Protein chains: 2
Amino acid sequence: MRMLSEANGSIAGAGALLKILRDGQARTRAELVQLTGLARSTLGQRLDALLSQQWIVPTEEAISSGGRPAVAFTFNRGARIALAADLGATHARVAITDLGTEVLAERADEVPIDRGPVETLTWLQHTFEEMLAETGHTRDQICGIGVGLPGPVEHSSGRPVNPPIMPGWDGFPVPEWLGERFGAPVLVDNDVNIMALGEHWAARPEADHLIFVKIGTGIGCGIISDRHLHRGAQGAAGDIGHIQVASATDIVCRCGNLGCLEAVASGAAMSARLSADGVEAADSRDVVRLVRGGNTQAVQLIRQAGREIGDVLASIVNFFNPSVIVVGGDIAEAGEQILAGLREVIYSRSLPLATQHLTITASELSDRAGVIGAAVMVIEHALAPGTVDQAVTRD
Amino acid sequence: MRMLSEANGSIAGAGALLKILRDGQARTRAELVQLTGLARSTLGQRLDALLSQQWIVPTEEAISSGGRPAVAFTFNRGARIALAADLGATHARVAITDLGTEVLAERADEVPIDRGPVETLTWLQHTFEEMLAETGHTRDQICGIGVGLPGPVEHSSGRPVNPPIMPGWDGFPVPEWLGERFGAPVLVDNDVNIMALGEHWAARPEADHLIFVKIGTGIGCGIISDRHLHRGAQGAAGDIGHIQVASATDIVCRCGNLGCLEAVASGAAMSARLSADGVEAADSRDVVRLVRGGNTQAVQLIRQAGREIGDVLASIVNFFNPSVIVVGGDIAEAGEQILAGLREVIYSRSLPLATQHLTITASELSDRAGVIGAAVMVIEHALAPGTVDQAVTRD
């Protein structure tokens with residue numbers, strides 16, 4: 001195995017150039033010299049590398065200011081594909097996208113993550129293989145594989161770190177396992193991080209500071225700071241599910257602490273509470289179904305969960321001053337019922353300066369945020385390799 | 001008036017180059033071509049611009065690999081000076097530094113910020129003028145002026161925004177006022193932001209994610225995310241003084257909300273509590289004096305304040321996953337008494353993954369963090385102008 005940056009050495013230096021080209025606008029050599037500040041000879045070498053890999057293509061000749069027409073270049077979004085997977089606690093979504101993150105094929109299935117890494121990843125391998133066959137793509141078209149997992153992931157290695165709901169996954173070499181089978185670089189991250197990345201890319205590209213809150217079986221958030229994913233010192237940033245909430249200091253959480261947000265306001269906590277009250281609810285989706293059906297207990301519970309989550313987010317708004325808070329995950333399907341409680345507390349508890357232009361909204365991408373984000377992770381890596389070490393290719 | 005980027009147009013493009021040179025190491029043209037990727041002709045133009053302003057100087061000729069010796073260039077930290085001011089609620093610190101942030105002259109004085117902008121800034125103007133005369137510097141040597149203020153500042157304009165303890169300052173054009181008097185670019189920011197910048201620069205340059213908590217008359221923090229200051233969407237990030245703490249929901253804060261951290265754990269709150277109990281304490285410094293003298297009430301109070309602040313920081317550690325938390329401000333002078341309470345709660349309430357390598361420490365720069373940070377802000381701006389619009393020079 002070798003690193004992508006070695007394998008594609010000539011492409012590496014082309015990243016900045018491609019970032020300029022990928023808005024879809026055709027540009028001439030002269031325009032690119034001006035935009036990059038590169039010497040004409042250096043630019044020429046980089047364009048040649050990109051052309052040979054078909055990442056860019058020459059277009060119809062542009063009209064120059066007199067003399068012979070100049071050749072222009074455009075980004076070729078069909079040149080490669082990204083394989084993307086969003087593996088949740090109980091269900092998985094898999095997609096193939098082009099280099100513009102347009103979804104070419106998609107699958108969703110029930111895949112319990114607690115079956116362990118080999119069984120889960122073997123299923124993923126077969127699913128990717130079937131989808132490649134269906135769409136008529138070959139392995140050498142894959143620019144990379146992006147995977148989201150429902151637990152902490154060490155960013156540099158792409159391996160899960162003591163993930164609480166993923167028995168058998170601790171330290172498992174996910175990038176190597178998939179990389180050997182597909183001969184492509186593999187990037188792995190926490191599922192909420194890739195959701196934040198996907199939502200920011202596709203729905204909120206103008207937001208400098210965004211928080212994506214996932215409310216499902218657990219509760220977590222992905223953080224965009226200054227248009228970049230903030231992973232924190234140990235890749236543990238965004239783990240808000242175990243922040244203590246004042247109203248529930250007598251409830252024991254599975255982490256061993258008392259009164260964690262997740263122990264009172266997650267889909268798992270709500271379905272457990274409803275079951276204890278004699279209302280049939282196995283998981284987050286049952287809770288949403290009950291709320292939509294107007295079940296009074298479920299409605300009261302979700303409204304209160306919104307307030308508890310809002311209490312934690314109110315502190316985060318004071319600390320972080322985001323421009324957008326996006327709410328996703330299964331429970332977000334309950335729509336305004338969860339947003340109302342959340343907004344109520346944030347606007348009451350956060351500072352006016354921090355909330356005056358704050359948008360609090362449901363995810364636009366909904367359950368697709370994860371796979372789009374996984375594709376974004378892969379494509380951004382391909383455009384600027386070397387920033388992450390976990391990606392590997394087969395020798 | 002005109003923008004710095006216009007005034008020094010030729011220097012603007014030289015920023016990246018200067019960043020490479022300012023580690024103090026001498027480098028030849030050939031080395032700089034390799035490090036920057038710039039064409040030799042472009043590099044030549046940029047070196048000429050820097051040489052003409054004396055930001056760099058040619059050194060003794062380096063030995064090249066045969067043939068005639070090559071000229072090397074080094075950063076000239078004495079080429080310019082930065083004027084730096086850290087204006088607190090009641091006292092101010094002012095410094096002149098060289099381009100390496102070494103302090104050449106320094107003053108500290110009692111200057112109540114509530115006297116309003118004209119009186120305060122006039123004092124600052126005269127202080128700067130006296131210090132320039134003392135150190136034998138002239139106005140044309142000033143590369144910029146950096147000012148920290150104890151309230152929210154709009155980053156783009158450098159103007160205070162509804163600062164609660166600064167009557168008369170709302171919207172006051174601080175950069176223009178000082179810029180007209182000194183003919184130099186002026187950058188203004190919140191005092192805690194510049195403290196975070198100073199501490200990160202001088203004492204913790206290796207930390208990717210740092211939080212600087214100032215505990216004084218009020219409580220606030222400055223945030224370094226991925227080695228850059230995180231100011232948030234409205235420049236309001238770090239305002240943790242008004243996060244609600246569970247233990248004190250019956251105490252009214254000056255902001256109008258109940259149970260704010262600042263209303264129970266700040267220097268002002270502690271001195272008020274001690275006074276009410278018949279112990280003489282006018283401000284933060286009196287609280288620290290009492291703690292150092294072993295006053296039981298003061299010791300209990302500061303220990304509990306540490307726990308309350310720790311409770312808020314425990315949530316922030318889960319959310320942000322910093323590598324370092326630095327505690328500064330007057331109350332930090334109480335040392336371990338405040339850090340003990342803080343650590344107690346953070347290690348008990350934050351996730352093990354987020355605390356395993358977390359450092360919680362008192363500020364190394366202490367009351368100099370602000371002026372060093374103000375100088376860093378000015379020098380970084382001079383190296384990469386155009387990123388901030390607030391800086392102005394006299395035409």
# chains A, B, ... in the order shown; residues from 1 in each chain; ligands from 1
>>> residues_around(residues="His209 (chain B)", least_positions_apart="6", cutoff="7 Å", atoms="only C-alpha atoms", output="count of residues only")
9
>>> closest_atom_pairs(of="chain A", to="chain B", cutoff="8 Å", atoms="only C-alpha atoms", output="JSON lines")
{"residue": "A:Gly37", "atom": "CA", "partner": "B:Leu38", "partner_atom": "CA", "distance": 7.5}
{"residue": "A:Leu38", "atom": "CA", "partner": "B:Leu38", "partner_atom": "CA", "distance": 6.3}
{"residue": "A:Ala39", "atom": "CA", "partner": "B:Ala39", "partner_atom": "CA", "distance": 5.1}
{"residue": "A:Asp208", "atom": "CA", "partner": "B:Ala233", "partner_atom": "CA", "distance": 7.1}
{"residue": "A:His209", "atom": "CA", "partner": "B:Ala233", "partner_atom": "CA", "distance": 6.5}
{"residue": "A:Ser225", "atom": "CA", "partner": "B:His230", "partner_atom": "CA", "distance": 7.3}
{"residue": "A:Asp226", "atom": "CA", "partner": "B:His230", "partner_atom": "CA", "distance": 7.5}
{"residue": "A:His230", "atom": "CA", "partner": "B:Ser225", "partner_atom": "CA", "distance": 7.3}
{"residue": "A:Arg231", "atom": "CA", "partner": "B:Asn321", "partner_atom": "CA", "distance": 7.7}
{"residue": "A:Gly232", "atom": "CA", "partner": "B:Asn321", "partner_atom": "CA", "distance": 4.7}
{"residue": "A:Ala233", "atom": "CA", "partner": "B:Ser323", "partner_atom": "CA", "distance": 5.3}
{"residue": "A:Gln234", "atom": "CA", "partner": "B:Ala354", "partner_atom": "CA", "distance": 6.4}
{"residue": "A:Gly235", "atom": "CA", "partner": "B:Asn321", "partner_atom": "CA", "distance": 7.5}
{"residue": "A:Ala236", "atom": "CA", "partner": "B:Asn321", "partner_atom": "CA", "distance": 5.9}
{"residue": "A:Ala237", "atom": "CA", "partner": "B:Phe320", "partner_atom": "CA", "distance": 4.7}
{"residue": "A:Gly238", "atom": "CA", "partner": "B:Phe319", "partner_atom": "CA", "distance": 4.4}
{"residue": "A:Asp239", "atom": "CA", "partner": "B:Asn318", "partner_atom": "CA", "distance": 5.4}
{"residue": "A:Ile240", "atom": "CA", "partner": "B:Phe319", "partner_atom": "CA", "distance": 5.5}
{"residue": "A:His242", "atom": "CA", "partner": "B:Leu351", "partner_atom": "CA", "distance": 7.5}
{"residue": "A:Ile243", "atom": "CA", "partner": "B:Ser315", "partner_atom": "CA", "distance": 5.4}
{"residue": "A:Gln244", "atom": "CA", "partner": "B:Ser315", "partner_atom": "CA", "distance": 7.5}
{"residue": "A:Ala246", "atom": "CA", "partner": "B:Ala246", "partner_atom": "CA", "distance": 5.7}
{"residue": "A:Asn257", "atom": "CA", "partner": "B:Arg349", "partner_atom": "CA", "distance": 7.5}
{"residue": "A:Ala314", "atom": "CA", "partner": "B:Ile243", "partner_atom": "CA", "distance": 7.7}
{"residue": "A:Ser315", "atom": "CA", "partner": "B:Ile243", "partner_atom": "CA", "distance": 5.4}
{"residue": "A:Ile316", "atom": "CA", "partner": "B:Ile316", "partner_atom": "CA", "distance": 7.4}
{"residue": "A:Val317", "atom": "CA", "partner": "B:Ala237", "partner_atom": "CA", "distance": 7.9}
{"residue": "A:Asn318", "atom": "CA", "partner": "B:Asp239", "partner_atom": "CA", "distance": 5.4}
{"residue": "A:Phe319", "atom": "CA", "partner": "B:Gly238", "partner_atom": "CA", "distance": 4.4}
{"residue": "A:Phe320", "atom": "CA", "partner": "B:Ala237", "partner_atom": "CA", "distance": 4.7}
{"residue": "A:Asn321", "atom": "CA", "partner": "B:Gly232", "partner_atom": "CA", "distance": 4.7}
{"residue": "A:Pro322", "atom": "CA", "partner": "B:Ala233", "partner_atom": "CA", "distance": 5.6}
{"residue": "A:Ser323", "atom": "CA", "partner": "B:Ala233", "partner_atom": "CA", "distance": 5.3}
{"residue": "A:Arg349", "atom": "CA", "partner": "B:Asn257", "partner_atom": "CA", "distance": 7.5}
{"residue": "A:Ser350", "atom": "CA", "partner": "B:Ile243", "partner_atom": "CA", "distance": 7.5}
{"residue": "A:Leu351", "atom": "CA", "partner": "B:His242", "partner_atom": "CA", "distance": 7.4}
{"residue": "A:Leu353", "atom": "CA", "partner": "B:Ala236", "partner_atom": "CA", "distance": 6.8}
{"residue": "A:Ala354", "atom": "CA", "partner": "B:Ala236", "partner_atom": "CA", "distance": 6.0}
>>> residues_around(residues="Arg107 (chain A)", least_positions_apart="6", cutoff="10 Å", atoms="only C-alpha atoms", output="PyMOL selection string")
chain A and resi 85+92-96+127-128+131
>>> write_last_selection(atoms="C-alpha atoms", output="short mmCIF file (atom, residue, chain, number, x, y, z; two decimals), in the first residue's frame")
data_model
loop_
_atom_site.label_atom_id
_atom_site.label_comp_id
_atom_site.auth_asym_id
_atom_site.auth_seq_id
_atom_site.Cartn_x
_atom_site.Cartn_y
_atom_site.Cartn_z
CA ALA A 85 -21.62 5.38 3.05
CA ALA A 92 -27.25 2.47 6.52
CA ARG A 93 -27.36 4.63 3.40
CA VAL A 94 -24.96 4.13 0.52
CA ALA A 95 -24.47 6.24 -2.62
CA ILE A 96 -22.35 6.71 -5.71
CA THR A 127 -23.44 -3.23 -1.91
CA PHE A 128 -20.77 -1.01 -3.49
CA MET A 131 -24.08 -0.51 -7.40
#
>>> residues_around(residues="Ala72 (chain B)", least_positions_apart="4", cutoff="6 Å", atoms="only C-alpha atoms", output="PyMOL selection string")
chain B and resi 26-28+58-59
>>> residues_around(residues="region 185-195 of chain A", least_positions_apart="6", cutoff="7 Å", atoms="only C-alpha atoms", output="VMD selection string")
chain A and resid 4 86 144 to 153 155 158 175 178 to 179 214 220 to 222 369 to 370 373 to 374 378 390 to 393
>>> residues_around(residues="Asp283 (chain A)", least_positions_apart="6", cutoff="7 Å", atoms="only C-alpha atoms", output="list in words")
Gly267, Ala268 and Ser271 of chain A
>>> select_by_dssp(residues="region 175-353 of chain A", states="alpha helix (DSSP H)", output="ChimeraX atom specification")
/A:175-182,191-202,261-265,267-276,284-292,296-320,336-349,352-353
>>> residues_around(residues="region 273-278 of chain A", least_positions_apart="2", cutoff="10 Å", atoms="only C-alpha atoms", output="tab-separated table (two decimals) with C-alpha atoms, in the first residue's frame")
chain	number	residue	atom	x	y	z
A	264	VAL	CA	-33.29	12.42	28.71
A	267	GLY	CA	-34.88	9.03	20.58
A	268	ALA	CA	-33.79	6.06	22.70
A	269	ALA	CA	-34.67	7.89	25.94
A	270	MET	CA	-38.06	8.97	24.60
A	271	SER	CA	-39.04	5.55	23.27
A	280	GLU	CA	-45.65	1.07	22.11
A	281	ALA	CA	-42.41	2.65	20.83
A	282	ALA	CA	-39.29	0.69	19.91
A	283	ASP	CA	-37.12	3.46	18.51
A	286	ASP	CA	-41.80	5.14	16.40
A	287	VAL	CA	-41.56	8.31	18.47
A	290	LEU	CA	-46.60	8.85	17.44
A	297	GLN	CA	-47.61	11.83	25.65
A	298	ALA	CA	-45.27	11.70	22.68
A	301	LEU	CA	-42.14	14.42	25.50
>>> select_by_dssp(residues="region 199-259 of chain A", states="strand (DSSP E)", output="PyMOL selection string")
chain A and resi 210-215+219-225+228-229
>>> closest_residue(among="A:Leu197, A:Leu83, A:Ala362, A:Ile219", to="Gln125 (chain A)", atoms="only C-alpha atoms")
A:Leu83
>>> atom_distance(atom1="CA of Arg115 (chain B)", atom2="CA of Gly171 (chain B)")
15.6 Å
